[in-house]
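For reference, run.cif (mmCIF, N, CA and C atoms):
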```cif
data_model
loop_
_atom_site.group_PDB
_atom_site.id
_atom_site.type_symbol
_atom_site.label_atom_id
_atom_site.label_comp_id
_atom_site.auth_asym_id
_atom_site.auth_seq_id
_atom_site.Cartn_x
_atom_site.Cartn_y
_atom_site.Cartn_z
ATOM 1 N N MET A 1 0.027 20.383 6.500
ATOM 2 C CA MET A 1 -0.562 20.924 5.301
ATOM 3 C C MET A 1 -1.668 21.890 5.668
ATOM 4 N N SER A 2 -1.818 22.865 4.847
ATOM 5 C CA SER A 2 -2.830 23.875 5.074
ATOM 6 C C SER A 2 -4.182 23.400 4.558
ATOM 7 N N GLU A 3 -5.215 23.776 5.252
ATOM 8 C CA GLU A 3 -6.570 23.426 4.846
ATOM 9 C C GLU A 3 -7.214 24.552 4.044
ATOM 10 N N GLN A 4 -6.415 25.555 3.676
ATOM 11 C CA GLN A 4 -6.943 26.691 2.939
ATOM 12 C C GLN A 4 -7.129 26.316 1.472
ATOM 13 N N PRO A 5 -8.225 26.778 0.855
ATOM 14 C CA PRO A 5 -8.431 26.476 -0.556
ATOM 15 C C PRO A 5 -7.391 27.181 -1.419
ATOM 16 N N ALA A 6 -7.134 26.604 -2.589
ATOM 17 C CA ALA A 6 -6.185 27.205 -3.518
ATOM 18 C C ALA A 6 -6.756 28.523 -4.027
ATOM 19 N N PRO A 7 -5.894 29.491 -4.306
ATOM 20 C CA PRO A 7 -6.380 30.766 -4.841
ATOM 21 C C PRO A 7 -7.168 30.550 -6.132
ATOM 22 N N ALA A 8 -8.220 31.347 -6.301
ATOM 23 C CA ALA A 8 -9.123 31.171 -7.432
ATOM 24 C C ALA A 8 -8.480 31.509 -8.769
ATOM 25 N N ASP A 9 -7.396 32.289 -8.765
ATOM 26 C CA ASP A 9 -6.807 32.698 -10.034
ATOM 27 C C ASP A 9 -5.872 31.645 -10.633
ATOM 28 N N HIS A 10 -5.695 30.510 -9.963
ATOM 29 C CA HIS A 10 -4.863 29.434 -10.495
ATOM 30 C C HIS A 10 -5.757 28.286 -10.952
ATOM 31 N N ALA A 11 -5.746 28.021 -12.241
ATOM 32 C CA ALA A 11 -6.545 26.919 -12.781
ATOM 33 C C ALA A 11 -5.800 25.609 -12.555
ATOM 34 N N ARG A 12 -6.524 24.566 -12.287
ATOM 35 C CA ARG A 12 -5.927 23.246 -12.099
ATOM 36 C C ARG A 12 -5.728 22.587 -13.451
ATOM 37 N N GLN A 13 -4.621 21.906 -13.593
ATOM 38 C CA GLN A 13 -4.321 21.210 -14.839
ATOM 39 C C GLN A 13 -5.025 19.860 -14.831
ATOM 40 N N GLN A 14 -5.810 19.618 -15.841
ATOM 41 C CA GLN A 14 -6.549 18.360 -15.938
ATOM 42 C C GLN A 14 -5.624 17.238 -16.409
ATOM 43 N N LEU A 15 -5.868 16.041 -15.909
ATOM 44 C CA LEU A 15 -5.095 14.868 -16.312
ATOM 45 C C LEU A 15 -5.695 14.263 -17.576
ATOM 46 N N GLU A 16 -4.858 13.535 -18.285
ATOM 47 C CA GLU A 16 -5.348 12.743 -19.405
ATOM 48 C C GLU A 16 -6.265 11.659 -18.829
ATOM 49 N N PRO A 17 -7.275 11.235 -19.589
ATOM 50 C CA PRO A 17 -8.198 10.214 -19.066
ATOM 51 C C PRO A 17 -7.495 8.936 -18.588
ATOM 52 N N ALA A 18 -6.491 8.479 -19.320
ATOM 53 C CA ALA A 18 -5.782 7.259 -18.914
ATOM 54 C C ALA A 18 -5.032 7.483 -17.599
ATOM 55 N N ALA A 19 -4.436 8.658 -17.445
ATOM 56 C CA ALA A 19 -3.716 8.963 -16.199
ATOM 57 C C ALA A 19 -4.689 9.060 -15.032
ATOM 58 N N ALA A 20 -5.846 9.669 -15.260
ATOM 59 C CA ALA A 20 -6.854 9.775 -14.202
ATOM 60 C C ALA A 20 -7.358 8.390 -13.806
ATOM 61 N N ASP A 21 -7.575 7.524 -14.793
ATOM 62 C CA ASP A 21 -8.021 6.155 -14.495
ATOM 63 C C ASP A 21 -6.956 5.401 -13.696
ATOM 64 N N GLY A 22 -5.689 5.575 -14.064
ATOM 65 C CA GLY A 22 -4.615 4.924 -13.332
ATOM 66 C C GLY A 22 -4.526 5.413 -11.899
ATOM 67 N N LEU A 23 -4.721 6.707 -11.726
ATOM 68 C CA LEU A 23 -4.691 7.282 -10.386
ATOM 69 C C LEU A 23 -5.852 6.773 -9.533
ATOM 70 N N ARG A 24 -7.025 6.661 -10.149
ATOM 71 C CA ARG A 24 -8.184 6.106 -9.419
ATOM 72 C C ARG A 24 -7.935 4.646 -9.030
ATOM 73 N N ALA A 25 -7.324 3.872 -9.934
ATOM 74 C CA ALA A 25 -7.026 2.465 -9.635
ATOM 75 C C ALA A 25 -6.028 2.363 -8.485
ATOM 76 N N TYR A 26 -5.016 3.233 -8.493
ATOM 77 C CA TYR A 26 -4.038 3.240 -7.412
ATOM 78 C C TYR A 26 -4.702 3.618 -6.088
ATOM 79 N N ALA A 27 -5.586 4.597 -6.132
ATOM 80 C CA ALA A 27 -6.302 5.014 -4.921
ATOM 81 C C ALA A 27 -7.151 3.863 -4.375
ATOM 82 N N ALA A 28 -7.817 3.139 -5.269
ATOM 83 C CA ALA A 28 -8.649 2.008 -4.836
ATOM 84 C C ALA A 28 -7.791 0.910 -4.208
ATOM 85 N N LYS A 29 -6.628 0.628 -4.819
ATOM 86 C CA LYS A 29 -5.737 -0.403 -4.279
ATOM 87 C C LYS A 29 -5.201 0.024 -2.914
ATOM 88 N N THR A 30 -4.830 1.295 -2.791
ATOM 89 C CA THR A 30 -4.326 1.811 -1.523
ATOM 90 C C THR A 30 -5.405 1.763 -0.453
ATOM 91 N N ARG A 31 -6.635 2.134 -0.824
ATOM 92 C CA ARG A 31 -7.756 2.094 0.117
ATOM 93 C C ARG A 31 -8.020 0.661 0.576
ATOM 94 N N ALA A 32 -7.960 -0.301 -0.345
ATOM 95 C CA ALA A 32 -8.187 -1.705 0.014
ATOM 96 C C ALA A 32 -7.096 -2.201 0.961
ATOM 97 N N SER A 33 -5.851 -1.813 0.702
ATOM 98 C CA SER A 33 -4.749 -2.214 1.589
ATOM 99 C C SER A 33 -4.923 -1.612 2.980
ATOM 100 N N ALA A 34 -5.321 -0.354 3.030
ATOM 101 C CA ALA A 34 -5.538 0.304 4.319
ATOM 102 C C ALA A 34 -6.687 -0.364 5.076
ATOM 103 N N ASP A 35 -7.746 -0.730 4.376
ATOM 104 C CA ASP A 35 -8.874 -1.407 5.016
ATOM 105 C C ASP A 35 -8.449 -2.767 5.575
ATOM 106 N N GLN A 36 -7.612 -3.488 4.817
ATOM 107 C CA GLN A 36 -7.132 -4.792 5.275
ATOM 108 C C GLN A 36 -6.263 -4.621 6.516
ATOM 109 N N PHE A 37 -5.373 -3.633 6.490
ATOM 110 C CA PHE A 37 -4.508 -3.361 7.642
ATOM 111 C C PHE A 37 -5.334 -2.978 8.862
ATOM 112 N N ALA A 38 -6.341 -2.134 8.664
ATOM 113 C CA ALA A 38 -7.208 -1.719 9.767
ATOM 114 C C ALA A 38 -7.947 -2.926 10.353
ATOM 115 N N ALA A 39 -8.377 -3.841 9.498
ATOM 116 C CA ALA A 39 -9.077 -5.031 9.983
ATOM 117 C C ALA A 39 -8.158 -5.890 10.849
ATOM 118 N N VAL A 40 -6.894 -6.017 10.450
ATOM 119 C CA VAL A 40 -5.934 -6.785 11.250
ATOM 120 C C VAL A 40 -5.742 -6.123 12.614
ATOM 121 N N LEU A 41 -5.579 -4.807 12.620
ATOM 122 C CA LEU A 41 -5.399 -4.098 13.891
ATOM 123 C C LEU A 41 -6.628 -4.236 14.789
ATOM 124 N N GLU A 42 -7.823 -4.158 14.195
ATOM 125 C CA GLU A 42 -9.049 -4.322 14.983
ATOM 126 C C GLU A 42 -9.143 -5.723 15.553
ATOM 127 N N ASP A 43 -8.729 -6.732 14.782
ATOM 128 C CA ASP A 43 -8.745 -8.108 15.273
ATOM 129 C C ASP A 43 -7.785 -8.273 16.449
ATOM 130 N N ILE A 44 -6.597 -7.674 16.330
ATOM 131 C CA ILE A 44 -5.629 -7.754 17.428
ATOM 132 C C ILE A 44 -6.173 -7.046 18.661
ATOM 133 N N ALA A 45 -6.812 -5.892 18.469
ATOM 134 C CA ALA A 45 -7.384 -5.164 19.608
ATOM 135 C C ALA A 45 -8.481 -5.973 20.281
ATOM 136 N N ALA A 46 -9.291 -6.669 19.503
ATOM 137 C CA ALA A 46 -10.408 -7.425 20.057
ATOM 138 C C ALA A 46 -9.981 -8.758 20.660
ATOM 139 N N ASN A 47 -8.986 -9.429 20.037
ATOM 140 C CA ASN A 47 -8.657 -10.799 20.422
ATOM 141 C C ASN A 47 -7.246 -10.990 20.951
ATOM 142 N N GLY A 48 -6.432 -9.943 20.925
ATOM 143 C CA GLY A 48 -5.045 -10.072 21.364
ATOM 144 C C GLY A 48 -4.159 -10.564 20.231
ATOM 145 N N LEU A 49 -2.883 -10.654 20.532
ATOM 146 C CA LEU A 49 -1.920 -11.110 19.530
ATOM 147 C C LEU A 49 -2.074 -12.602 19.269
ATOM 148 N N PRO A 50 -1.813 -13.048 18.039
ATOM 149 C CA PRO A 50 -1.884 -14.487 17.747
ATOM 150 C C PRO A 50 -0.719 -15.218 18.421
ATOM 151 N N SER A 51 -0.876 -16.509 18.585
ATOM 152 C CA SER A 51 0.193 -17.294 19.196
ATOM 153 C C SER A 51 1.374 -17.380 18.233
ATOM 154 N N VAL A 52 2.533 -17.608 18.776
ATOM 155 C CA VAL A 52 3.753 -17.694 17.970
ATOM 156 C C VAL A 52 3.638 -18.819 16.943
ATOM 157 N N GLU A 53 2.994 -19.913 17.308
ATOM 158 C CA GLU A 53 2.852 -21.052 16.404
ATOM 159 C C GLU A 53 2.018 -20.709 15.166
ATOM 160 N N ASP A 54 1.130 -19.731 15.280
ATOM 161 C CA ASP A 54 0.273 -19.339 14.165
ATOM 162 C C ASP A 54 0.893 -18.260 13.275
ATOM 163 N N CYS A 55 2.100 -17.812 13.612
ATOM 164 C CA CYS A 55 2.737 -16.715 12.874
ATOM 165 C C CYS A 55 3.820 -17.250 11.941
ATOM 166 N N THR A 56 4.093 -16.487 10.906
ATOM 167 C CA THR A 56 5.166 -16.798 9.969
ATOM 168 C C THR A 56 6.389 -15.968 10.369
ATOM 169 N N PRO A 57 7.557 -16.607 10.519
ATOM 170 C CA PRO A 57 8.751 -15.842 10.879
ATOM 171 C C PRO A 57 9.042 -14.763 9.836
ATOM 172 N N TRP A 58 9.538 -13.606 10.299
ATOM 173 C CA TRP A 58 9.777 -12.496 9.382
ATOM 174 C C TRP A 58 10.828 -12.842 8.340
ATOM 175 N N GLU A 59 11.780 -13.709 8.676
ATOM 176 C CA GLU A 59 12.808 -14.105 7.710
ATOM 177 C C GLU A 59 12.184 -14.820 6.514
ATOM 178 N N GLU A 60 11.194 -15.658 6.793
ATOM 179 C CA GLU A 60 10.505 -16.374 5.714
ATOM 180 C C GLU A 60 9.694 -15.404 4.847
ATOM 181 N N LEU A 61 9.035 -14.450 5.493
ATOM 182 C CA LEU A 61 8.292 -13.434 4.749
ATOM 183 C C LEU A 61 9.229 -12.612 3.868
ATOM 184 N N ARG A 62 10.399 -12.241 4.420
ATOM 185 C CA ARG A 62 11.382 -11.462 3.669
ATOM 186 C C ARG A 62 11.861 -12.230 2.444
ATOM 187 N N GLU A 63 12.221 -13.490 2.615
ATOM 188 C CA GLU A 63 12.723 -14.290 1.494
ATOM 189 C C GLU A 63 11.662 -14.477 0.415
ATOM 190 N N THR A 64 10.430 -14.685 0.818
ATOM 191 C CA THR A 64 9.335 -14.811 -0.147
ATOM 192 C C THR A 64 9.160 -13.527 -0.938
ATOM 193 N N HIS A 65 9.208 -12.399 -0.242
ATOM 194 C CA HIS A 65 9.058 -11.106 -0.910
ATOM 195 C C HIS A 65 10.227 -10.831 -1.851
ATOM 196 N N LEU A 66 11.451 -11.123 -1.415
ATOM 197 C CA LEU A 66 12.611 -10.919 -2.276
ATOM 198 C C LEU A 66 12.556 -11.808 -3.514
ATOM 199 N N ALA A 67 12.091 -13.029 -3.360
ATOM 200 C CA ALA A 67 11.948 -13.922 -4.512
ATOM 201 C C ALA A 67 10.902 -13.386 -5.492
ATOM 202 N N ARG A 68 9.820 -12.832 -4.952
ATOM 203 C CA ARG A 68 8.780 -12.240 -5.799
ATOM 204 C C ARG A 68 9.330 -11.043 -6.571
ATOM 205 N N LEU A 69 10.103 -10.211 -5.898
ATOM 206 C CA LEU A 69 10.701 -9.050 -6.555
ATOM 207 C C LEU A 69 11.696 -9.483 -7.630
ATOM 208 N N ALA A 70 12.508 -10.492 -7.336
ATOM 209 C CA ALA A 70 13.493 -10.977 -8.310
ATOM 210 C C ALA A 70 12.793 -11.561 -9.536
ATOM 211 N N ALA A 71 11.652 -12.201 -9.347
ATOM 212 C CA ALA A 71 10.926 -12.781 -10.476
ATOM 213 C C ALA A 71 10.319 -11.696 -11.363
ATOM 214 N N GLN A 72 9.997 -10.544 -10.792
ATOM 215 C CA GLN A 72 9.406 -9.449 -11.567
ATOM 216 C C GLN A 72 10.449 -8.686 -12.367
ATOM 217 N N ARG A 73 11.683 -8.749 -11.954
ATOM 218 C CA ARG A 73 12.748 -7.960 -12.590
ATOM 219 C C ARG A 73 13.525 -8.841 -13.562
ATOM 220 N N PRO A 74 13.732 -8.371 -14.780
ATOM 221 C CA PRO A 74 14.496 -9.188 -15.728
ATOM 222 C C PRO A 74 15.948 -9.351 -15.266
ATOM 223 N N ALA A 75 16.518 -10.478 -15.588
ATOM 224 C CA ALA A 75 17.894 -10.774 -15.187
ATOM 225 C C ALA A 75 18.868 -9.856 -15.925
ATOM 226 N N VAL A 76 19.914 -9.470 -15.232
ATOM 227 C CA VAL A 76 20.952 -8.639 -15.824
ATOM 228 C C VAL A 76 22.080 -9.549 -16.285
ATOM 229 N N ALA A 77 22.493 -9.380 -17.521
ATOM 230 C CA ALA A 77 23.552 -10.255 -18.072
ATOM 231 C C ALA A 77 24.917 -9.821 -17.590
#
```

Represent the structure contained in this file as structure tokens.
Amino acid sequence: MSEQPAPADHARQQLEPAAADGLRAYAAKTRASADQFAAVLEDIAANGLPSVEDCTPWEELRETHLARLAAQRPAVA
């Protein structure tokens, strides 16, 4: 991406207040997720990888996530 500013003759379209609030909320959630991920990486860098006994198998994580997604989606008849 270019770091050049947008030409001055193009006005930016303003968002509706509700859309701007939603975008700010999404940005905050994304920032919080990134901070959490960074903290995990810093912990691994400082202390090494956790033992296998302390980890959750990826298959279990996948099934939990799929169940969560299925619960959010209405059933199809």

Using atom C of Asp43 (chain A) and atom N of Ala27 (chain A) as the two end points, give the distance in Å to one decimal.
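That distance, rounded to one decimal, is 26.1 Å.
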
Please run DSSP on the backbone and report, as JSON, numbers by chain, all residues within chain A that come out as alpha helix (DSSP H).
{"A": [17, 18, 19, 20, 21, 22, 23, 24, 25, 26, 27, 28, 29, 30, 31, 32, 33, 34, 35, 36, 37, 38, 39, 40, 41, 42, 43, 44, 45, 46, 47, 58, 59, 60, 61, 62, 63, 64, 65, 66, 67, 68, 69, 70, 71, 72]}

Report, in Å with one decimal, the straight-line distance from CA of Ala71 (chain A) to atom N of Glu59 (chain A).
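A separation of 19.2 Å between them.
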
For CA of Glu16 (chain A) and atom N of Ala28 (chain A), determine how far apart the two atoms are, in Å to one decimal place.
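Computing the Euclidean distance for CA of Glu16 (chain A) and atom N of Ala28 (chain A) yields 17.3 Å.
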
Kindly list the centre and edge lengths in Å, rounded to one decimal, for the axis-aligned box that covers all listed atoms of region 70-73 of chain A plus 6 Å on each of its six sides, as lines of an AutoDock Vina configuration file.
```
center_x = 11.5
center_y = -10.4
center_z = -10.4
size_x = 16.1
size_y = 16.8
size_z = 18.2
```
